[in-house]
Amino acid sequence: MTEDAIRIEGLRKTYKGRKGQPAKDALKGVDLVIPRGSVFGLLGPNGAGKSTMINILAGLVLKTAGKVTIWGFDQDANPRQSRAAIGVMPQELNLDPFFTPRGALEVQAGLYGVPKAERRSDQILEMVGLSDKAHAYARTLSGGMQRRLLLGKALVHHPHILVLDEPTAGVDIELRQMLWENIRKLNAQGMTIILTTHYLEEAEEMCDEIAIISEGSLVARDTTANLLGRLDSKAMVVHPAQPVVQLPQAEGIVAELREDGAVVVRYHSKQTSADDVLAAVHSAGISIRDVKTEEADLEDVFLAITKSRG
Ligand SMILES: Nc1ncnc2c1ncn2[C@@H]1O[C@H](COP(=O)(O)OP(=O)(O)OP(=O)(O)O)[C@@H](O)[C@H]1O
Ligand SMILES: [Mg+2]
């Protein structure tokens, strides 16, 4: 038995071209190990191959080549066990319009062979905030409510791993908070969480580890802290007491005047100390009314990594 939640080796997916379209290599040989118990972020630009990977994990898309092991079960050799270990909330809304939320959860539980006595449909509806809609037709639910139901469906068979493909795309603040609260709770109970998001502050806040894919290849995989540490670029924003006549100049710093009159000094914290920056500011005759520093965030790291490939 391995201690990994997911192990992906040499994963390839080529979508056949239809109607004269060329074939598309959506995944070009990806190796990735996701540890148990983590909140793992899968990031990448549009079309990178994130949903393709997730849909392969879910058994919704057939891989072209490679090996996928879910909770120690080879997806091809043990399809039932590997499927039972994972619950997926897809990116696309794909609900049957004629089912009620409660009905949809019961059908899903039936598909996974969950015995009636072990079903928790009402508990799940309450968790995702749909108790009052339990008997409404899915087609009458708002987009956000449909997303809640998709999360509920992913949970009916008590999976070890929960995969969320852009759970917060286009949802309001309340639902977003509800989702994150639920995800934290489930993770605290031991569930491994894998998610994609284009909101990088969310990934920065939620994920212990992050993989970045771009054009079908893995381009980075590290702890969130290490990824953030890769860029040691900092910015000091100085609000001067009087209008600035001369910008600070020194080795290792780049200063610019912002439209609002503030001076932004960029530097690398490994080479240049904040003291040196302040000294350069003072030598330029600037008296400081207010000052703050800004560190690189995940967005800067993401852009640096994905751009360096284009
Ligand atoms: N069924 C399909 N047939 C043909 N090509 C497809 C199919 N599904 C996806 N693709 C192509 O494969 C590539 C990867 O798509 P995928 O949906 O995995 O990207 P993604 O990383 O999830 O993007 P997004 O952030 O926009 O959700 C894209 O170029 C896409 O056009
Ligand atoms: Mg996608």
# chains A, B, ... in the order shown; residues from 1 in each chain; ligands from 1
>>> residues_near_ligand(ligand="ligand 2", cutoff="12 Å", atoms="only C-alpha atoms and all ligand atoms", output="JSON, numbers by chain")
{"A": [26, 42, 43, 44, 45, 46, 47, 48, 49, 50, 51, 52, 53, 54, 55, 89, 90, 91, 92, 164, 165, 166, 167, 169, 195, 196, 197, 198, 213]}
>>> residues_around(residues="stretch 199-211 of chain A", least_positions_apart="4", cutoff="10 Å", atoms="only C-alpha atoms", output="ChimeraX atom specification")
/A:32-35,37-44,166,168-169,180,183-184,193-195,218-228,297-300,302
>>> write_last_selection(atoms="N, CA and C atoms", output="mmCIF file, in the first residue's frame")
data_model
loop_
_atom_site.group_PDB
_atom_site.id
_atom_site.type_symbol
_atom_site.label_atom_id
_atom_site.label_comp_id
_atom_site.auth_asym_id
_atom_site.auth_seq_id
_atom_site.Cartn_x
_atom_site.Cartn_y
_atom_site.Cartn_z
ATOM 1 N N LEU A 32 2.914 12.948 -11.508
ATOM 2 C CA LEU A 32 2.500 13.766 -10.360
ATOM 3 C C LEU A 32 2.080 12.861 -9.219
ATOM 4 N N VAL A 33 2.596 13.158 -8.034
ATOM 5 C CA VAL A 33 2.184 12.423 -6.837
ATOM 6 C C VAL A 33 1.522 13.411 -5.884
ATOM 7 N N ILE A 34 0.345 13.054 -5.399
ATOM 8 C CA ILE A 34 -0.382 13.919 -4.468
ATOM 9 C C ILE A 34 -0.509 13.173 -3.142
ATOM 10 N N PRO A 35 0.059 13.744 -2.073
ATOM 11 C CA PRO A 35 0.061 13.026 -0.799
ATOM 12 C C PRO A 35 -1.315 12.993 -0.131
ATOM 13 N N GLY A 37 -4.072 13.510 2.644
ATOM 14 C CA GLY A 37 -4.336 14.485 3.702
ATOM 15 C C GLY A 37 -4.094 15.926 3.320
ATOM 16 N N SER A 38 -3.604 16.166 2.090
ATOM 17 C CA SER A 38 -3.274 17.547 1.739
ATOM 18 C C SER A 38 -4.465 18.266 1.116
ATOM 19 N N VAL A 39 -4.355 19.580 1.054
ATOM 20 C CA VAL A 39 -5.201 20.365 0.157
ATOM 21 C C VAL A 39 -4.271 20.757 -0.977
ATOM 22 N N PHE A 40 -4.510 20.172 -2.143
ATOM 23 C CA PHE A 40 -3.566 20.272 -3.245
ATOM 24 C C PHE A 40 -4.175 21.112 -4.355
ATOM 25 N N GLY A 41 -3.434 22.111 -4.803
ATOM 26 C CA GLY A 41 -3.938 22.994 -5.859
ATOM 27 C C GLY A 41 -3.348 22.627 -7.209
ATOM 28 N N LEU A 42 -4.206 22.535 -8.205
ATOM 29 C CA LEU A 42 -3.761 22.276 -9.570
ATOM 30 C C LEU A 42 -4.053 23.555 -10.354
ATOM 31 N N LEU A 43 -2.988 24.259 -10.725
ATOM 32 C CA LEU A 43 -3.177 25.559 -11.363
ATOM 33 C C LEU A 43 -2.631 25.544 -12.778
ATOM 34 N N GLY A 44 -3.106 26.483 -13.572
ATOM 35 C CA GLY A 44 -2.605 26.609 -14.934
ATOM 36 C C GLY A 44 -3.539 27.473 -15.742
ATOM 37 N N GLU A 166 -12.614 24.013 -10.317
ATOM 38 C CA GLU A 166 -13.081 25.404 -10.250
ATOM 39 C C GLU A 166 -14.377 25.550 -9.476
ATOM 40 N N THR A 168 -15.248 27.648 -7.295
ATOM 41 C CA THR A 168 -15.728 28.992 -6.969
ATOM 42 C C THR A 168 -15.848 29.896 -8.186
ATOM 43 N N ALA A 169 -15.740 29.319 -9.393
ATOM 44 C CA ALA A 169 -15.868 30.154 -10.592
ATOM 45 C C ALA A 169 -17.279 30.740 -10.649
ATOM 46 N N TRP A 180 -15.461 26.990 1.140
ATOM 47 C CA TRP A 180 -14.162 26.890 1.815
ATOM 48 C C TRP A 180 -14.300 26.349 3.226
ATOM 49 N N ILE A 183 -14.777 22.680 2.845
ATOM 50 C CA ILE A 183 -13.535 22.026 2.417
ATOM 51 C C ILE A 183 -12.568 21.911 3.588
ATOM 52 N N ARG A 184 -12.467 22.982 4.373
ATOM 53 C CA ARG A 184 -11.587 22.924 5.555
ATOM 54 C C ARG A 184 -12.046 21.851 6.520
ATOM 55 N N ILE A 193 -7.960 16.796 -0.443
ATOM 56 C CA ILE A 193 -8.691 17.712 -1.337
ATOM 57 C C ILE A 193 -7.777 18.114 -2.492
ATOM 58 N N ILE A 194 -8.308 18.016 -3.709
ATOM 59 C CA ILE A 194 -7.573 18.494 -4.884
ATOM 60 C C ILE A 194 -8.469 19.509 -5.573
ATOM 61 N N LEU A 195 -7.937 20.674 -5.875
ATOM 62 C CA LEU A 195 -8.810 21.665 -6.495
ATOM 63 C C LEU A 195 -8.079 22.479 -7.549
ATOM 64 N N LEU A 218 3.661 19.442 -16.813
ATOM 65 C CA LEU A 218 3.848 19.944 -15.455
ATOM 66 C C LEU A 218 5.045 20.888 -15.454
ATOM 67 N N VAL A 219 4.867 22.121 -15.003
ATOM 68 C CA VAL A 219 5.983 23.071 -15.022
ATOM 69 C C VAL A 219 6.472 23.435 -13.624
ATOM 70 N N ALA A 220 5.704 23.115 -12.599
ATOM 71 C CA ALA A 220 6.163 23.363 -11.231
ATOM 72 C C ALA A 220 5.349 22.500 -10.291
ATOM 73 N N ARG A 221 5.994 22.089 -9.202
ATOM 74 C CA ARG A 221 5.259 21.362 -8.185
ATOM 75 C C ARG A 221 6.040 21.520 -6.893
ATOM 76 N N ASP A 222 5.427 22.169 -5.911
ATOM 77 C CA ASP A 222 6.163 22.459 -4.688
ATOM 78 C C ASP A 222 5.160 22.820 -3.595
ATOM 79 N N THR A 223 5.684 22.990 -2.376
ATOM 80 C CA THR A 223 4.798 23.508 -1.336
ATOM 81 C C THR A 223 4.491 24.963 -1.682
ATOM 82 N N THR A 224 3.358 25.428 -1.213
ATOM 83 C CA THR A 224 2.979 26.808 -1.500
ATOM 84 C C THR A 224 4.047 27.762 -0.967
ATOM 85 N N ALA A 225 4.561 27.455 0.226
ATOM 86 C CA ALA A 225 5.581 28.323 0.835
ATOM 87 C C ALA A 225 6.839 28.391 -0.032
ATOM 88 N N ASN A 226 7.287 27.240 -0.540
ATOM 89 C CA ASN A 226 8.485 27.232 -1.385
ATOM 90 C C ASN A 226 8.251 27.984 -2.687
ATOM 91 N N LEU A 227 7.069 27.800 -3.256
ATOM 92 C CA LEU A 227 6.778 28.509 -4.509
ATOM 93 C C LEU A 227 6.844 30.013 -4.287
ATOM 94 N N LEU A 228 6.260 30.451 -3.177
ATOM 95 C CA LEU A 228 6.259 31.889 -2.894
ATOM 96 C C LEU A 228 7.678 32.380 -2.646
ATOM 97 N N ASP A 297 3.411 37.628 -4.590
ATOM 98 C CA ASP A 297 2.361 36.674 -4.230
ATOM 99 C C ASP A 297 2.293 35.586 -5.289
ATOM 100 N N LEU A 298 1.374 34.672 -5.082
ATOM 101 C CA LEU A 298 1.308 33.516 -5.965
ATOM 102 C C LEU A 298 1.078 33.935 -7.416
ATOM 103 N N GLU A 299 0.366 35.045 -7.585
ATOM 104 C CA GLU A 299 0.114 35.513 -8.940
ATOM 105 C C GLU A 299 1.419 35.866 -9.657
ATOM 106 N N ASP A 300 2.332 36.534 -8.951
ATOM 107 C CA ASP A 300 3.633 36.872 -9.550
ATOM 108 C C ASP A 300 4.385 35.603 -9.919
ATOM 109 N N PHE A 302 3.175 32.587 -10.457
ATOM 110 C CA PHE A 302 2.459 31.910 -11.534
ATOM 111 C C PHE A 302 2.804 32.534 -12.883
#
>>> atom_distance(atom1="atom CA of A:Thr192", atom2="atom CA of A:Lys13")
24.6 Å
>>> closest_residue(among="A:Asp74, A:Gly216, A:Leu57, A:Gln189", to="ligand 1", atoms="only C-alpha atoms and all ligand atoms")
A:Gly216
